[in-house]
Amino acid sequence: MSKKLFVLISALLVAAFVLSACTPKVEEPTSDQVEVFSWWTGGGEAAGLDAMIKIFQAKYPDVEFVNAAVAGGAGTNARAVLATRLQAGNPPDSWQGHAGQELIGTYVAAGQIEALNFLYEEEGWLDVMPETLIPLISKDGNIYSVPVNIHRANVMWYNPTILAENNIAVPTTMDEWFAALDALKAAGVETPLALGEQWTAMHLFETVLLGTLGPDAYNGLWDGTTAWDSAEVTKAIDNYIKLLSYTNSDATSLSWQDASQLVINGDAAFNVMGDWAEGYFRELGKAPKTDYGWAPVPGTVGSFQFLSDSFVLAVGAPHRDAAIAWLRVAGSKEGQDAFNPVKGSIPARNDADRSLYGEYLLSAMDDWKANVITGSLTHGVVANDAWKSEIDTALGLFLSSKDGAAFQTALVAACMASGPCK
Ligand code: GAL
């Protein structure tokens with residue numbers, strides 16, 4: 001071998017060695033499939049997931065992606081199916097869970113999911129995931145999920161044409177909202193405020209609690225520093241009763257998509273729903289500001305009531321290596337920038353490519369940075385499953401009785417039984 005060739009080969013070998021030492025070793029999955037469980041099946045929900053699945057499939061063409069999604073907004077059906085599977089020792093490899101009490105109080109408490117600190121280290125996620133989120137997915141120094149997004153719960157969607165035709169400015173306070181709703185009713189608008197099935201009523205209620213109490217007292221409801229029998233909670237319930245009087249009578253039979261669609265179809269003026277509604281409006285080909293407008297729920301200006309969808313790794317996952325590959329995609333910039341512009345959420349990561357996001361989501365990104373952050377009840381942040389289900393039972397009774405005093409008594413009892421009032 002010539003001396004020159006020898007030097008060249010040696011240099012190449014050294015370069016290859018240095019490169020392999022610097023690149024973290026990511027094992028290719030050998031499993032031939034991965035089963036991922038969620039409740040994103042349609043109506044604006046599936047498209048975001050599909051975008052992320054595409055990235056997974058391009059990266060891991062030999063792994064079949066088994067989409068085990070179960071239909072039903074807010075996971076009401078899916079979570080029941082998941083609980084049955086977990087009980088039977090038949091977990092999907094990875095599933096969707098909300099950051100906060102839902103994750104920590106349910107799956108971590110039951111030892112059903114693996115700690116993912118190793119992935120956070122390998123992928124450098126601690127540098128790019130928001131500091132507010134890490135404690136909500138951690139217990140005793142272990143991190144248990146990979147957040148894909150931040151959704152905002154306290155959004156009021158409105159029909160700009162209906163407001164303009166009735167000379168109504170976008171309300172920012174509860175009183176302005178009532179005045180607007182009264183004016184619309186007087187003008188013959190049959191459904192000033194659109195509402196859907198029971199979980200959407202809980203969603204509306206949590207925003208009214210925030211709008212009436214303000215962020216500090218609202219946060220105090222969940223750590224025991226605000227009393228559930230206080231006058232401010234009574235006031236929130238009164239506001240809620242009043243708001244319900246402007247809603248459609250067929251609410252219980254409508255999905256969140258049906259209810260939000262009343263707004264863009266011109267059949268209702270307002271709807272309170274998380275920003276997955278924006279994903280749905282876009283899927284329907286609607287244009288921001290023209291077909292739909294948005295504002296924080298009246299009384300909640302300056303507050304961002306959030307929730308975060310995250311994915312977990314099952315203890316005993318049948319395809320553990322492929323599930324880890326899925327989680328790498330879910331936590332990646334590429335995965336999040338594919339998923340979120342379609343889903344109607346902002347990425348959990350703080351290094352998003354802003355040019356991919358529409359007008360609404362850019363405003364949500366700015367508010368997430370500037371606003372006071374509070375957590376959602378309906379979507380798993382502030383209360384564990386036991387407490388939430390007691391609140392839900394109380395709400396169900398209240399929705400048929402409209403007895404505010406009995407509702408408040410039941411809310412106090414729920415906090416005593418399963419919350420920090422014990
Ligand atoms: C939430 C979930 C969102 C969206 C919504 C409606 O609980 O976090 O991603 O899917 O339900 O189904």
# chains A, B, ... in the order shown; residues from 1 in each chain; ligands from 1
call {"tool": "residues_around", "arguments": {"residues": "stretch 295-307 of chain A", "least_positions_apart": "6", "cutoff": "9 Å", "atoms": "only C-alpha atoms", "output": "ChimeraX atom specification"}}
result
/A:98-100,149-158,170-177,207-208,210-215,272,274,364,367-368,370-377,379-381
call {"tool": "select_by_dssp", "arguments": {"residues": "stretch 186-353 of chain A", "states": "alpha helix (DSSP H)", "output": "number ranges by chain"}}
result
A: 186, 198-223, 231-244, 256-264, 276-283, 320-330, 333-343
call {"tool": "closest_residue", "arguments": {"among": "A:Trp222, A:Trp326, A:Phe407, A:Tyr120", "to": "A:Leu49", "atoms": "only C-alpha atoms"}}
result
A:Trp326
call {"tool": "residues_around", "arguments": {"residues": "A:Ala269", "least_positions_apart": "6", "cutoff": "8 Å", "atoms": "only C-alpha atoms", "output": "PDB file with all heavy atoms, in the first residue's frame"}}
result
ATOM      1  N   TYR A 158     -66.242  32.299  18.308  1.00  0.00           N
ATOM      2  CA  TYR A 158     -67.470  33.026  17.982  1.00  0.00           C
ATOM      3  C   TYR A 158     -67.643  33.153  16.474  1.00  0.00           C
ATOM      4  O   TYR A 158     -66.680  33.004  15.712  1.00  0.00           O
ATOM      5  CB  TYR A 158     -67.512  34.396  18.659  1.00  0.00           C
ATOM      6  CG  TYR A 158     -66.383  35.330  18.290  1.00  0.00           C
ATOM      7  CD1 TYR A 158     -66.472  36.155  17.162  1.00  0.00           C
ATOM      8  CD2 TYR A 158     -65.230  35.392  19.063  1.00  0.00           C
ATOM      9  CE1 TYR A 158     -65.443  37.021  16.822  1.00  0.00           C
ATOM     10  CE2 TYR A 158     -64.191  36.247  18.723  1.00  0.00           C
ATOM     11  CZ  TYR A 158     -64.303  37.057  17.602  1.00  0.00           C
ATOM     12  OH  TYR A 158     -63.268  37.910  17.260  1.00  0.00           O
ATOM     13  N   ASN A 159     -68.883  33.440  16.099  1.00  0.00           N
ATOM     14  CA  ASN A 159     -69.196  33.654  14.695  1.00  0.00           C
ATOM     15  C   ASN A 159     -69.120  35.162  14.426  1.00  0.00           C
ATOM     16  O   ASN A 159     -69.976  35.923  14.900  1.00  0.00           O
ATOM     17  CB  ASN A 159     -70.594  33.106  14.396  1.00  0.00           C
ATOM     18  CG  ASN A 159     -70.965  33.285  12.944  1.00  0.00           C
ATOM     19  OD1 ASN A 159     -70.927  34.396  12.427  1.00  0.00           O
ATOM     20  ND2 ASN A 159     -71.305  32.190  12.280  1.00  0.00           N
ATOM     21  N   ILE A 162     -72.351  36.924  12.927  1.00  0.00           N
ATOM     22  CA  ILE A 162     -73.483  37.119  13.856  1.00  0.00           C
ATOM     23  C   ILE A 162     -73.194  38.301  14.787  1.00  0.00           C
ATOM     24  O   ILE A 162     -74.063  39.149  15.021  1.00  0.00           O
ATOM     25  CB  ILE A 162     -73.766  35.842  14.683  1.00  0.00           C
ATOM     26  CG1 ILE A 162     -74.167  34.688  13.756  1.00  0.00           C
ATOM     27  CG2 ILE A 162     -74.834  36.098  15.738  1.00  0.00           C
ATOM     28  CD1 ILE A 162     -74.570  33.409  14.477  1.00  0.00           C
ATOM     29  N   LEU A 163     -71.976  38.390  15.287  1.00  0.00           N
ATOM     30  CA  LEU A 163     -71.659  39.504  16.199  1.00  0.00           C
ATOM     31  C   LEU A 163     -71.763  40.831  15.454  1.00  0.00           C
ATOM     32  O   LEU A 163     -72.363  41.790  15.958  1.00  0.00           O
ATOM     33  CB  LEU A 163     -70.265  39.341  16.822  1.00  0.00           C
ATOM     34  CG  LEU A 163     -70.045  38.164  17.785  1.00  0.00           C
ATOM     35  CD1 LEU A 163     -68.848  38.416  18.693  1.00  0.00           C
ATOM     36  CD2 LEU A 163     -71.264  37.869  18.644  1.00  0.00           C
ATOM     37  N   THR A 191     -79.870  29.954  19.656  1.00  0.00           N
ATOM     38  CA  THR A 191     -78.823  29.387  20.505  1.00  0.00           C
ATOM     39  C   THR A 191     -77.645  30.357  20.593  1.00  0.00           C
ATOM     40  O   THR A 191     -76.691  30.249  19.822  1.00  0.00           O
ATOM     41  CB  THR A 191     -78.344  28.034  19.935  1.00  0.00           C
ATOM     42  OG1 THR A 191     -79.461  27.168  19.824  1.00  0.00           O
ATOM     43  CG2 THR A 191     -77.299  27.397  20.835  1.00  0.00           C
ATOM     44  N   PRO A 192     -77.674  31.279  21.530  1.00  0.00           N
ATOM     45  CA  PRO A 192     -76.522  32.190  21.626  1.00  0.00           C
ATOM     46  C   PRO A 192     -75.230  31.445  21.974  1.00  0.00           C
ATOM     47  O   PRO A 192     -74.159  31.784  21.493  1.00  0.00           O
ATOM     48  CB  PRO A 192     -76.928  33.160  22.735  1.00  0.00           C
ATOM     49  CG  PRO A 192     -78.424  33.093  22.790  1.00  0.00           C
ATOM     50  CD  PRO A 192     -78.778  31.680  22.416  1.00  0.00           C
ATOM     51  N   LEU A 193     -75.331  30.389  22.813  1.00  0.00           N
ATOM     52  CA  LEU A 193     -74.127  29.675  23.252  1.00  0.00           C
ATOM     53  C   LEU A 193     -74.301  28.184  22.988  1.00  0.00           C
ATOM     54  O   LEU A 193     -75.221  27.558  23.540  1.00  0.00           O
ATOM     55  CB  LEU A 193     -73.913  29.929  24.758  1.00  0.00           C
ATOM     56  CG  LEU A 193     -72.769  29.185  25.451  1.00  0.00           C
ATOM     57  CD1 LEU A 193     -71.416  29.583  24.873  1.00  0.00           C
ATOM     58  CD2 LEU A 193     -72.786  29.476  26.963  1.00  0.00           C
ATOM     59  N   ALA A 194     -73.427  27.609  22.168  1.00  0.00           N
ATOM     60  CA  ALA A 194     -73.544  26.188  21.816  1.00  0.00           C
ATOM     61  C   ALA A 194     -72.883  25.316  22.877  1.00  0.00           C
ATOM     62  O   ALA A 194     -71.812  25.635  23.378  1.00  0.00           O
ATOM     63  CB  ALA A 194     -72.884  25.933  20.465  1.00  0.00           C
ATOM     64  N   VAL A 263     -71.441  27.013  15.561  1.00  0.00           N
ATOM     65  CA  VAL A 263     -70.903  28.372  15.457  1.00  0.00           C
ATOM     66  C   VAL A 263     -70.505  28.686  14.011  1.00  0.00           C
ATOM     67  O   VAL A 263     -70.907  29.716  13.458  1.00  0.00           O
ATOM     68  CB  VAL A 263     -69.702  28.563  16.410  1.00  0.00           C
ATOM     69  CG1 VAL A 263     -69.003  29.888  16.157  1.00  0.00           C
ATOM     70  CG2 VAL A 263     -70.157  28.467  17.852  1.00  0.00           C
TER      71      VAL A 263
END
call {"tool": "residues_around", "arguments": {"residues": "A:Met129", "least_positions_apart": "4", "cutoff": "10 Å", "atoms": "only C-alpha atoms", "output": "PyMOL selection string"}}
result
chain A and resi 120+124-125+133-134+146-148+331+347-351
call {"tool": "write_last_selection", "arguments": {"atoms": "all heavy atoms", "output": "CSV table (one decimal), in the first residue's frame"}}
result
chain,number,residue,atom,x,y,z
A,120,TYR,N,-35.1,11.1,28.0
A,120,TYR,CA,-34.8,12.5,28.1
A,120,TYR,C,-33.4,12.9,28.0
A,120,TYR,O,-33.0,13.9,27.4
A,120,TYR,CB,-35.4,13.1,29.5
A,120,TYR,CG,-36.9,13.4,29.3
A,120,TYR,CD1,-37.8,12.4,29.3
A,120,TYR,CD2,-37.3,14.7,29.2
A,120,TYR,CE1,-39.2,12.6,29.1
A,120,TYR,CE2,-38.7,15.0,29.1
A,120,TYR,CZ,-39.6,14.0,29.0
A,120,TYR,OH,-40.9,14.2,28.8
A,124,GLY,N,-32.0,14.8,24.8
A,124,GLY,CA,-31.7,16.2,25.3
A,124,GLY,C,-33.0,17.0,25.5
A,124,GLY,O,-33.1,18.2,25.3
A,125,TRP,N,-34.1,16.3,25.9
A,125,TRP,CA,-35.4,16.9,26.0
A,125,TRP,C,-35.5,17.9,27.1
A,125,TRP,O,-36.3,18.8,27.1
A,125,TRP,CB,-36.5,15.9,26.1
A,125,TRP,CG,-36.8,15.2,24.8
A,125,TRP,CD1,-36.5,15.7,23.5
A,125,TRP,CD2,-37.4,13.9,24.6
A,125,TRP,NE1,-36.9,14.7,22.6
A,125,TRP,CE2,-37.4,13.7,23.2
A,125,TRP,CE3,-37.9,13.0,25.4
A,125,TRP,CZ2,-38.0,12.5,22.6
A,125,TRP,CZ3,-38.5,11.8,24.9
A,125,TRP,CH2,-38.5,11.6,23.5
A,133,LEU,N,-43.9,22.1,32.7
A,133,LEU,CA,-44.5,20.8,32.4
A,133,LEU,C,-43.8,19.6,33.1
A,133,LEU,O,-44.4,18.7,33.5
A,133,LEU,CB,-44.4,20.6,30.9
A,133,LEU,CG,-45.5,19.8,30.2
A,133,LEU,CD1,-46.9,20.4,30.6
A,133,LEU,CD2,-45.4,19.9,28.7
A,134,ILE,N,-42.5,19.7,33.3
A,134,ILE,CA,-41.7,18.6,33.8
A,134,ILE,C,-42.3,18.1,35.2
A,134,ILE,O,-42.5,16.9,35.4
A,134,ILE,CB,-40.2,18.9,33.9
A,134,ILE,CG1,-39.7,19.2,32.4
A,134,ILE,CG2,-39.4,17.8,34.5
A,134,ILE,CD1,-39.8,18.0,31.5
A,146,VAL,N,-44.0,11.6,27.5
A,146,VAL,CA,-43.4,12.5,26.4
A,146,VAL,C,-44.6,13.4,25.9
A,146,VAL,O,-45.5,13.0,25.2
A,146,VAL,CB,-42.9,11.7,25.3
A,146,VAL,CG1,-42.3,12.6,24.2
A,146,VAL,CG2,-41.8,10.7,25.7
A,147,PRO,N,-44.6,14.7,26.4
A,147,PRO,CA,-45.6,15.6,25.9
A,147,PRO,C,-45.5,16.0,24.5
A,147,PRO,O,-44.4,16.3,24.0
A,147,PRO,CB,-45.4,16.8,26.8
A,147,PRO,CG,-44.4,16.5,27.8
A,147,PRO,CD,-43.6,15.3,27.2
A,148,VAL,N,-46.6,15.9,23.7
A,148,VAL,CA,-46.5,16.3,22.3
A,148,VAL,C,-47.1,17.7,22.1
A,148,VAL,O,-46.8,18.3,21.0
A,148,VAL,CB,-47.3,15.3,21.4
A,148,VAL,CG1,-46.6,14.0,21.2
A,148,VAL,CG2,-48.7,15.1,21.8
A,331,GLY,N,-41.5,13.0,20.7
A,331,GLY,CA,-40.8,14.1,21.3
A,331,GLY,C,-40.0,14.9,20.4
A,331,GLY,O,-39.4,15.9,20.8
A,347,PRO,N,-46.7,23.2,20.0
A,347,PRO,CA,-45.8,22.1,20.4
A,347,PRO,C,-45.4,22.2,21.9
A,347,PRO,O,-45.4,23.4,22.4
A,347,PRO,CB,-44.6,22.3,19.6
A,347,PRO,CG,-44.9,23.3,18.6
A,347,PRO,CD,-46.1,24.0,19.0
A,348,ALA,N,-45.2,21.1,22.6
A,348,ALA,CA,-44.7,21.2,23.9
A,348,ALA,C,-43.3,21.7,23.9
A,348,ALA,O,-42.9,22.5,24.7
A,348,ALA,CB,-44.7,19.8,24.6
A,349,ARG,N,-42.5,21.3,22.9
A,349,ARG,CA,-41.1,21.8,22.7
A,349,ARG,C,-41.1,23.3,22.5
A,349,ARG,O,-42.1,23.8,21.9
A,349,ARG,CB,-40.5,21.1,21.5
A,349,ARG,CG,-40.2,19.6,21.7
A,349,ARG,CD,-39.7,19.1,20.4
A,349,ARG,NE,-38.3,19.6,20.1
A,349,ARG,CZ,-37.2,19.0,20.2
A,349,ARG,NH1,-37.2,17.7,20.4
A,349,ARG,NH2,-36.1,19.5,19.9
A,350,ASN,N,-40.1,24.0,22.9
A,350,ASN,CA,-40.1,25.4,22.8
A,350,ASN,C,-39.2,25.9,21.6
A,350,ASN,O,-38.9,27.0,21.4
A,350,ASN,CB,-39.6,26.1,24.1
A,350,ASN,CG,-38.2,25.5,24.5
A,350,ASN,OD1,-37.5,25.1,23.7
A,350,ASN,ND2,-38.0,25.6,25.8
A,351,ASP,N,-38.9,24.9,20.7
A,351,ASP,CA,-38.1,25.3,19.5
A,351,ASP,C,-38.9,25.1,18.2
A,351,ASP,O,-38.3,24.8,17.2
A,351,ASP,CB,-36.8,24.5,19.5
A,351,ASP,CG,-37.0,23.0,19.5
A,351,ASP,OD1,-38.2,22.6,19.6
A,351,ASP,OD2,-36.0,22.3,19.3
call {"tool": "closest_atom_pairs", "arguments": {"of": "chain A", "to": "ligand 1", "cutoff": "7 Å", "atoms": "only C-alpha atoms and all ligand atoms", "output": "Markdown table"}}
result
| residue | atom | partner | partner_atom_place_in_ligand_line | distance |
| --- | --- | --- | --- | --- |
| A:Trp39 | CA | ligand 1 | 10 (O) | 6.5 |
| A:Trp40 | CA | ligand 1 | 10 (O) | 5.9 |
| A:Glu45 | CA | ligand 1 | 10 (O) | 6.0 |
| A:Gly72 | CA | ligand 1 | 12 (O) | 6.5 |
| A:Gly73 | CA | ligand 1 | 12 (O) | 3.4 |
| A:Ala74 | CA | ligand 1 | 11 (O) | 3.3 |
| A:Gly75 | CA | ligand 1 | 7 (O) | 5.9 |
| A:His98 | CA | ligand 1 | 8 (O) | 6.5 |
| A:Trp276 | CA | ligand 1 | 4 (C) | 5.8 |
| A:Leu307 | CA | ligand 1 | 8 (O) | 6.5 |
| A:Ser308 | CA | ligand 1 | 8 (O) | 6.3 |
| A:Asp309 | CA | ligand 1 | 8 (O) | 5.2 |
| A:His379 | CA | ligand 1 | 7 (O) | 4.7 |
call {"tool": "atom_distance", "arguments": {"atom1": "atom CA of A:Gly188", "atom2": "atom CA of A:His203"}}
result
26.6 Å
call {"tool": "closest_residue", "arguments": {"among": "A:Leu284, A:Ala231, A:Ile391, A:Leu181", "to": "A:Gln257", "atoms": "only C-alpha atoms"}}
result
A:Leu284
call {"tool": "atom_distance", "arguments": {"atom1": "atom CA of A:Ser145", "atom2": "atom CA of A:Thr30"}}
result
22.4 Å
call {"tool": "select_by_dssp", "arguments": {"residues": "stretch 177-249 of chain A", "states": "strand (DSSP E)", "output": "number ranges by chain"}}
result
A: 191-194
call {"tool": "write_last_selection", "arguments": {"atoms": "C-alpha atoms", "output": "mmCIF file, in the first residue's frame"}}
result
data_model
loop_
_atom_site.group_PDB
_atom_site.id
_atom_site.type_symbol
_atom_site.label_atom_id
_atom_site.label_comp_id
_atom_site.auth_asym_id
_atom_site.auth_seq_id
_atom_site.Cartn_x
_atom_site.Cartn_y
_atom_site.Cartn_z
ATOM 1 C CA THR A 191 -78.823 29.387 20.505
ATOM 2 C CA PRO A 192 -76.522 32.190 21.626
ATOM 3 C CA LEU A 193 -74.127 29.675 23.252
ATOM 4 C CA ALA A 194 -73.544 26.188 21.816
#
call {"tool": "closest_residue", "arguments": {"among": "A:Ala88, A:Ala80, A:Ala386, A:Ala68", "to": "A:Ser418", "atoms": "only C-alpha atoms"}}
result
A:Ala386
call {"tool": "atom_distance", "arguments": {"atom1": "atom CA of A:Leu395", "atom2": "atom CA of A:Thr41"}}
result
26.7 Å
call {"tool": "closest_residue", "arguments": {"among": "A:Leu209, A:Ala251, A:Gly44, A:Asp337", "to": "A:Trp228", "atoms": "only C-alpha atoms"}}
result
A:Leu209
call {"tool": "closest_residue", "arguments": {"among": "A:Asp275, A:Ala109, A:Glu232, A:Gly293", "to": "A:Ala169", "atoms": "only C-alpha atoms"}}
result
A:Gly293
call {"tool": "closest_residue", "arguments": {"among": "A:Ala277, A:Phe37, A:Asp258, A:Phe118", "to": "A:Ser345", "atoms": "only C-alpha atoms"}}
result
A:Ala277
call {"tool": "residues_around", "arguments": {"residues": "A:Pro288", "least_positions_apart": "2", "cutoff": "12 Å", "atoms": "only C-alpha atoms", "output": "list in words"}}
result
Trp157, Tyr158, Asn159, Pro160, Ile264, Ala277, Glu278, Gly279, Tyr280, Phe281, Arg282, Glu283, Leu284, Gly285, Lys286, Thr290, Asp291, Tyr292, Gly293, Trp294, Gly358, Glu359, Tyr360 and Leu361 of chain A
